[in-house]
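Source file start_23.tsv; content: TSV, C-alpha atoms.
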chain	number	residue	atom	x	y	z
A	5	ASP	CA	6.31	-10.19	-31.12
A	6	VAL	CA	4.75	-7.46	-33.16
A	7	LYS	CA	3.12	-4.70	-31.20
A	8	VAL	CA	1.20	-1.56	-31.99
A	9	THR	CA	-0.18	0.34	-29.03
A	10	GLN	CA	-2.61	3.21	-28.87
A	11	SER	CA	-2.66	5.63	-25.97
A	12	SER	CA	-6.31	5.20	-25.02
A	13	ARG	CA	-8.96	2.54	-25.59
A	14	TYR	CA	-11.83	4.92	-24.86
A	15	LEU	CA	-11.93	8.70	-24.98
A	16	VAL	CA	-14.72	11.21	-24.47
A	17	LYS	CA	-14.22	14.81	-25.59
A	18	ARG	CA	-16.33	17.89	-26.10
A	19	THR	CA	-17.03	19.66	-29.37
A	20	GLY	CA	-14.28	22.13	-30.18
A	21	GLU	CA	-11.61	20.45	-28.09
A	22	LYS	CA	-8.22	19.60	-29.56
A	23	VAL	CA	-7.69	15.85	-29.41
A	24	PHE	CA	-4.46	13.89	-29.66
A	25	LEU	CA	-4.45	10.19	-30.44
A	26	GLU	CA	-1.08	8.53	-30.04
A	27	CYS	CA	0.21	5.39	-31.67
A	28	VAL	CA	3.49	3.62	-30.99
A	29	GLN	CA	4.98	0.60	-32.74
A	30	ASP	CA	7.98	-1.39	-31.64
A	31	MET	CA	8.76	-3.14	-34.92
A	32	ASP	CA	10.94	-0.43	-36.49
A	33	HIS	CA	8.40	-0.13	-39.32
A	34	GLU	CA	8.76	2.68	-41.82
A	35	ASN	CA	5.06	2.96	-42.64
A	36	MET	CA	2.32	4.03	-40.27
A	37	PHE	CA	-1.37	4.62	-40.93
A	38	TRP	CA	-4.45	6.09	-39.28
A	39	TYR	CA	-7.90	4.75	-40.15
A	40	ARG	CA	-11.36	5.28	-38.82
A	41	GLN	CA	-13.95	2.54	-38.74
A	42	ASP	CA	-17.65	3.33	-38.88
A	43	PRO	CA	-20.60	0.94	-39.22
A	44	GLY	CA	-21.43	0.35	-42.86
A	45	LEU	CA	-18.39	2.29	-44.05
A	46	GLY	CA	-15.56	-0.09	-43.23
A	47	LEU	CA	-12.02	1.15	-42.73
A	48	ARG	CA	-11.23	4.52	-44.24
A	49	LEU	CA	-7.71	5.85	-44.45
A	50	ILE	CA	-7.20	9.28	-42.88
A	51	TYR	CA	-3.45	9.84	-43.17
A	52	PHE	CA	-0.32	7.78	-43.59
A	53	SER	CA	3.40	8.24	-43.30
A	54	TYR	CA	6.26	6.51	-45.09
A	55	ASP	CA	9.00	7.95	-42.94
A	56	VAL	CA	9.79	10.34	-40.14
A	57	LYS	CA	8.44	13.83	-40.82
A	58	MET	CA	6.67	12.59	-43.94
A	59	LYS	CA	2.91	12.44	-44.25
A	60	GLU	CA	0.39	11.89	-46.98
A	61	LYS	CA	-3.34	12.40	-47.07
A	62	GLY	CA	-5.57	9.40	-47.23
A	63	ASP	CA	-9.18	9.33	-48.35
A	64	ILE	CA	-10.71	11.46	-45.57
A	65	PRO	CA	-8.09	13.87	-44.18
A	66	GLU	CA	-10.45	16.81	-43.58
A	67	GLY	CA	-10.54	17.88	-39.95
A	68	TYR	CA	-7.42	15.90	-39.08
A	69	SER	CA	-3.69	16.41	-39.02
A	70	VAL	CA	-0.80	14.13	-38.11
A	71	SER	CA	2.68	14.28	-36.69
A	72	ARG	CA	5.58	11.86	-37.09
A	73	GLU	CA	8.60	13.20	-35.24
A	74	LYS	CA	10.01	9.77	-34.41
A	75	LYS	CA	9.90	6.56	-36.40
A	76	GLU	CA	8.00	4.65	-33.77
A	77	ARG	CA	5.31	7.24	-33.05
A	78	PHE	CA	2.50	8.54	-35.24
A	79	SER	CA	0.01	11.00	-33.76
A	80	LEU	CA	-3.42	11.87	-35.08
A	81	ILE	CA	-4.70	15.33	-34.17
A	82	LEU	CA	-8.28	16.55	-34.30
A	83	GLU	CA	-7.80	20.31	-34.34
A	84	SER	CA	-11.36	21.06	-33.25
A	85	ALA	CA	-13.35	17.94	-32.50
A	86	SER	CA	-16.84	17.64	-33.94
A	87	THR	CA	-19.61	15.13	-33.28
A	88	ASN	CA	-19.15	13.56	-36.73
A	89	GLN	CA	-15.67	12.53	-35.66
A	90	THR	CA	-17.12	10.12	-33.14
A	91	SER	CA	-15.67	6.85	-34.34
A	92	MET	CA	-13.28	3.97	-33.76
A	93	TYR	CA	-9.75	5.06	-34.69
A	94	LEU	CA	-7.25	2.42	-35.70
A	95	CYS	CA	-3.52	2.83	-36.11
A	96	ALA	CA	-1.43	0.42	-38.18
A	97	SER	CA	2.18	-0.02	-39.18
A	98	SER	CA	4.00	-2.00	-41.85
A	99	PRO	CA	7.46	-2.42	-43.29
A	100	PRO	CA	7.95	-1.08	-46.82
A	101	GLY	CA	6.56	-3.25	-49.62
A	102	LEU	CA	3.99	-5.97	-49.29
A	103	ALA	CA	4.96	-9.60	-49.64
A	104	VAL	CA	2.49	-12.42	-50.09
A	105	GLY	CA	1.57	-13.92	-46.76
A	106	THR	CA	3.82	-11.68	-44.74
A	107	ASP	CA	4.69	-8.08	-44.08
A	108	THR	CA	1.15	-6.86	-43.95
A	109	GLN	CA	-0.21	-4.06	-41.87
A	110	TYR	CA	-0.31	-4.63	-38.13
A	111	PHE	CA	-3.08	-2.89	-36.27
A	112	GLY	CA	-3.38	-1.49	-32.79
A	113	PRO	CA	-6.42	-2.26	-30.61
A	114	GLY	CA	-8.21	0.95	-31.55
A	115	THR	CA	-9.42	4.04	-29.71
A	116	ARG	CA	-13.14	4.57	-29.46
A	117	LEU	CA	-13.61	8.34	-29.46
A	118	THR	CA	-16.89	9.95	-28.52
A	119	VAL	CA	-17.33	13.67	-29.17
A	120	LEU	CA	-20.21	15.22	-27.24
B	20	ASP	CA	-16.25	5.61	-55.78
B	21	GLN	CA	-15.73	2.38	-53.93
B	22	GLN	CA	-12.89	0.33	-55.38
B	23	VAL	CA	-13.30	-2.69	-53.12
B	24	LYS	CA	-16.84	-3.87	-52.54
B	25	GLN	CA	-18.28	-6.32	-50.08
B	26	ASN	CA	-21.94	-6.39	-50.95
B	27	SER	CA	-23.09	-8.60	-48.10
B	28	PRO	CA	-23.08	-6.73	-44.79
B	29	SER	CA	-23.68	-9.95	-42.89
B	30	LEU	CA	-23.73	-13.71	-43.31
B	31	SER	CA	-24.93	-16.53	-41.03
B	32	VAL	CA	-23.54	-20.04	-41.38
B	33	GLN	CA	-24.09	-23.22	-39.40
B	34	GLU	CA	-21.10	-24.46	-37.43
B	35	GLY	CA	-19.22	-27.11	-39.41
B	36	ARG	CA	-20.45	-25.88	-42.79
B	37	ILE	CA	-18.57	-23.79	-45.34
B	38	SER	CA	-18.54	-20.00	-45.06
B	39	ILE	CA	-18.04	-18.11	-48.32
B	40	LEU	CA	-17.34	-14.39	-48.18
B	41	ASN	CA	-17.30	-12.48	-51.42
B	42	CYS	CA	-15.51	-9.39	-52.60
B	43	ASP	CA	-15.52	-7.46	-55.88
B	44	TYR	CA	-13.09	-4.83	-57.06
B	45	THR	CA	-13.14	-2.29	-59.84
B	46	ASN	CA	-9.49	-1.48	-60.45
B	47	SER	CA	-7.80	-4.02	-62.71
B	48	MET	CA	-4.41	-2.66	-61.64
B	49	PHE	CA	-4.76	-4.16	-58.17
B	50	ASP	CA	-2.24	-6.93	-57.89
B	51	TYR	CA	-2.35	-7.95	-54.26
B	52	PHE	CA	-5.39	-8.91	-52.21
B	53	LEU	CA	-5.81	-9.52	-48.52
B	54	TRP	CA	-8.39	-10.61	-45.99
B	55	TYR	CA	-8.44	-9.25	-42.45
B	56	LYS	CA	-10.51	-10.45	-39.53
B	57	LYS	CA	-11.75	-8.17	-36.78
B	58	TYR	CA	-13.28	-8.97	-33.42
B	59	PRO	CA	-15.18	-6.26	-31.50
B	60	ALA	CA	-12.93	-3.90	-29.52
B	61	GLU	CA	-9.82	-5.22	-31.24
B	62	GLY	CA	-7.80	-4.12	-34.24
B	63	PRO	CA	-8.02	-6.11	-37.49
B	64	THR	CA	-5.61	-9.01	-37.89
B	65	PHE	CA	-4.21	-10.33	-41.13
B	66	LEU	CA	-5.76	-13.61	-42.24
B	67	ILE	CA	-4.63	-14.55	-45.73
B	68	SER	CA	-3.47	-12.93	-48.95
B	69	ILE	CA	-3.09	-13.67	-52.64
B	70	SER	CA	-1.04	-12.21	-55.43
B	71	SER	CA	-2.65	-11.53	-58.81
B	72	ILE	CA	-0.39	-14.11	-60.43
B	73	LYS	CA	-2.24	-16.84	-58.53
B	74	ASP	CA	-5.85	-17.93	-58.51
B	75	LYS	CA	-5.85	-19.76	-55.20
B	76	ASN	CA	-4.05	-19.62	-51.88
B	77	GLU	CA	-4.74	-21.95	-48.99
B	78	ASP	CA	-3.83	-21.76	-45.32
B	79	GLY	CA	-5.41	-24.39	-43.10
B	80	ARG	CA	-9.17	-23.89	-43.02
B	81	PHE	CA	-8.93	-20.70	-45.07
B	82	THR	CA	-8.73	-20.52	-48.85
B	83	VAL	CA	-8.83	-17.42	-51.00
B	84	PHE	CA	-9.85	-17.68	-54.65
B	85	LEU	CA	-9.14	-14.96	-57.19
B	86	ASN	CA	-10.97	-14.57	-60.50
B	87	LYS	CA	-9.20	-11.74	-62.29
B	88	SER	CA	-11.46	-11.70	-65.32
B	89	ALA	CA	-14.48	-11.20	-63.09
B	90	LYS	CA	-12.57	-8.92	-60.68
B	91	HIS	CA	-13.84	-11.09	-57.88
B	92	LEU	CA	-12.30	-12.85	-54.93
B	93	SER	CA	-13.76	-15.02	-52.24
B	94	LEU	CA	-12.72	-16.38	-48.88
B	95	HIS	CA	-13.75	-19.92	-47.99
B	96	ILE	CA	-13.68	-21.15	-44.41
B	97	VAL	CA	-14.08	-24.89	-43.98
B	98	PRO	CA	-15.26	-26.07	-41.53
B	99	SER	CA	-16.68	-22.96	-39.88
B	100	GLN	CA	-16.11	-22.70	-36.15
B	101	PRO	CA	-17.67	-20.46	-33.47
B	102	GLY	CA	-14.43	-18.48	-33.17
B	103	ASP	CA	-14.79	-17.47	-36.81
B	104	SER	CA	-17.64	-15.13	-35.89
B	105	ALA	CA	-16.16	-11.72	-36.67
B	106	VAL	CA	-16.12	-8.97	-39.27
B	107	TYR	CA	-14.08	-9.84	-42.35
B	108	PHE	CA	-12.52	-7.11	-44.46
B	109	CYS	CA	-11.41	-7.63	-48.01
B	110	ALA	CA	-8.54	-5.37	-49.10
B	111	ALA	CA	-6.43	-4.67	-52.15
B	112	SER	CA	-3.28	-2.82	-53.07
B	113	LEU	CA	-1.67	-1.49	-56.24
B	114	ASN	CA	1.66	-2.87	-57.39
B	115	ARG	CA	2.76	-3.81	-53.89
B	116	ASP	CA	2.15	-0.24	-52.83
B	117	ASP	CA	2.16	0.22	-49.12
B	118	LYS	CA	-1.36	1.61	-49.02
B	119	ILE	CA	-4.20	-0.87	-48.70
B	120	ILE	CA	-7.77	-0.14	-49.74
B	121	PHE	CA	-10.38	-1.85	-47.60
B	122	GLY	CA	-13.93	-2.92	-48.29
B	123	LYS	CA	-16.77	-2.17	-45.88
B	124	GLY	CA	-16.62	-5.58	-44.25
B	125	THR	CA	-18.94	-8.56	-43.84
B	126	ARG	CA	-20.07	-9.67	-40.41
B	127	LEU	CA	-19.98	-13.47	-40.19
B	128	HIS	CA	-22.14	-15.24	-37.59
B	129	ILE	CA	-21.43	-18.90	-36.96
B	130	LEU	CA	-24.57	-20.54	-35.62
B	131	PRO	CA	-24.37	-23.47	-33.16
Represent the structure of the file as structure tokens.
Amino acid sequence: DVKVTQSSRYLVKRTGEKVFLECVQDMDHENMFWYRQDPGLGLRLIYFSYDVKMKEKGDIPEGYSVSREKKERFSLILESASTNQTSMYLCASSPPGLAVGTDTQYFGPGTRLTVL
Amino acid sequence: DQQVKQNSPSLSVQEGRISILNCDYTNSMFDYFLWYKKYPAEGPTFLISISSIKDKNEDGRFTVFLNKSAKHLSLHIVPSQPGDSAVYFCAASLNRDDKIIFGKGTRLHILP
């Protein structure tokens, strides 16, 4: 059974803190993604990775960085948290290439981050 | 500029009736379209998809229609059930690229 786990469901941090959000998948997927979901804005891609040690910027990478040292783990880092980074963060993974009806992105349960 | 648009933030439908969720896109190079469903406090889950070579794909109560000339797709749910109340995201990708572009979502309320 497909599984993507995220280290925390809820997190509260202070402005200026460094924040690590961890994501682990057990499906041996090459691709991993970090999104944030905000009301009225949908899912916006922050960063993604096609392979270990590879990363590419998504649509809103500013204020974030990522790390992919192992295939199963993709970390999102907020170097200096700000209040506008309060959001729901969703991690996803997928095998390479999309096939109709299968092999889509599998999402974790999300981390709701509040920055005070 | 938004490439995948869901212009209705919310939709209310009576239980048992048909729910129709709409989605428009701007990039004619998109060749693969997906719908995801999301409950509160959970990650999105894949619902149904369609390739640009088709105009319809059906899976149980869910049917996706694609009109390439209008750059429009829709998701039909028949009959609507209480468990269908969720946020539905339309998404698209380019040439089977691994990156998916999501719309803003439509919140569906199924009324008893």
Residue list for chain A near chain B as a PyMOL selection string, 10 Å, all atoms listed in the file: chain A and resi 8+13+35-37+41-49+52-54+62-63+92-116
Atom-to-atom span, CA of Arg72 in chain A and CA of Tyr14 in chain A, Å: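 Going from CA of Arg72 in chain A over to CA of Tyr14 in chain A, I get 22.4 Å.
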Polymer residues at most 8 Å from range 18-31 of chain A, all atoms listed in the file, same-chain spacing of 3 or more positions, as number ranges by chain: A: 6-12, 76-87, 95, 97, 112, 115, 119-120
Point-to-point distance from CA of Phe81 in chain B to CA of Ser104 in chain B, Å rounded to tenths: 13.8 Å
Between CA of Pro101 in chain B and CA of Glu77 in chain B, distance in Å (one decimal):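 So the two atoms, CA of Pro101 in chain B and CA of Glu77 in chain B, lie 20.3 Å apart.
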Residues near Gln33 in chain B, cut-off 8 Å, only C-alpha atoms, skip fewer than 4 positions along chain, as a PyMOL selection string: chain B and resi 99+129-131
Just-selected residues, C-alpha atoms written as a compact mmCIF listing (two decimals), in the coordinates of the input:
# COMPACT_ATOMS: atom_id res chain seq x y z
CA SER B 99 -16.68 -22.96 -39.88
CA ILE B 129 -21.43 -18.90 -36.96
CA LEU B 130 -24.57 -20.54 -35.62
CA PRO B 131 -24.37 -23.47 -33.16
If you take every atom of range 14-32 of chain A that the file lists and fit an axis-aligned box around them with 3 Å extra on each side, what centre and edge lengths come out in Å to one decimal, as JSON?
{"center_x": -3.0, "center_y": 9.5, "center_z": -30.5, "size_x": 34.0, "size_y": 31.3, "size_z": 18.0}
